[in-house]
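Single-structure report; data block below.
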Amino acid sequence: MNSDLLFYLFNDFIGGADDDNLSMKYLNLDLNDSCSLRKFICDEIKPFFEAHFSLAQKEELYAFLLKLESGEIKLDVNEFENQLFPFNTPNNLHGFYKIIRNVLYE
């Protein structure tokens, strides 16, 4: 397993730090706040997930998120930050992965 599916999930935001409009839109997004994170995932990520992921990709991502959440697989903060998202990296990546999994698969 690798991080490709996770980053594909955030495809619309990769490189967004270099986009003034995206950077301004997400300037105040706090991915450390579970309510803000849930709303962001539900409004911005889940529609892409449902439209662009096959059943096999959804199953693979689910398993990957579980391994990230448990710490079985480590994804370095730098790997996340290298995507140049228009929002700050959350402080607790394990909690971040758990909320992504919970919202996408509820």
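Here's how to read the names in the structure tokens: chain A, B, ... by the order shown, residue numbers from 1 in each chain, ligand numbers from 1 in the order shown.
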Write out as a ChimeraX atom specification the residues lying within 12 Å of Ser36 (chain A), counting only C-alpha atoms and excluding same-chain residues fewer than 5 positions away. /A:26,28-31,41-44,90,96,99-100
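With only C-alpha atoms taken into account, the protein and nucleic acid residues at most 12 Å from Lys25 (chain A) (excluding it and anything under 2 positions from it in its own chain) are Phe13, Gly16, Ala17, Asp19, Asp20, Asn21, Leu22, Ser23, Leu27, Asn28, Leu29, Phe40, Phe85, Pro86 and Phe87 of chain A.
Using only C-alpha atoms, the contacts of Tyr62 (chain A) at a cut-off of 9 Å, with sequence neighbours closer than 5 positions omitted, comprise Gln57, Lys67, Arg101, Leu104 and Tyr105 of chain A.
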**Study point:** Contact residues around Phe48 (chain A) with only C-alpha atoms at 9 Å, ignoring same-chain residues under 4 positions, as a VMD selection string
**Key:** chain A and resid 9 to 12 44 52 to 53
DSSP on the backbone, then: every residue of region 5-99 of chain A marked helix (DSSP H, G or I), written as a PyMOL selection string. chain A and resi 5-9+11-13+16-18+20-25+34-52+55-70+77-81+93-99
Counting only C-alpha atoms, the residue among A:Asn2, A:Pro47, A:Leu37, A:Leu84 that lies closest to Asn102 (chain A) is A:Leu37
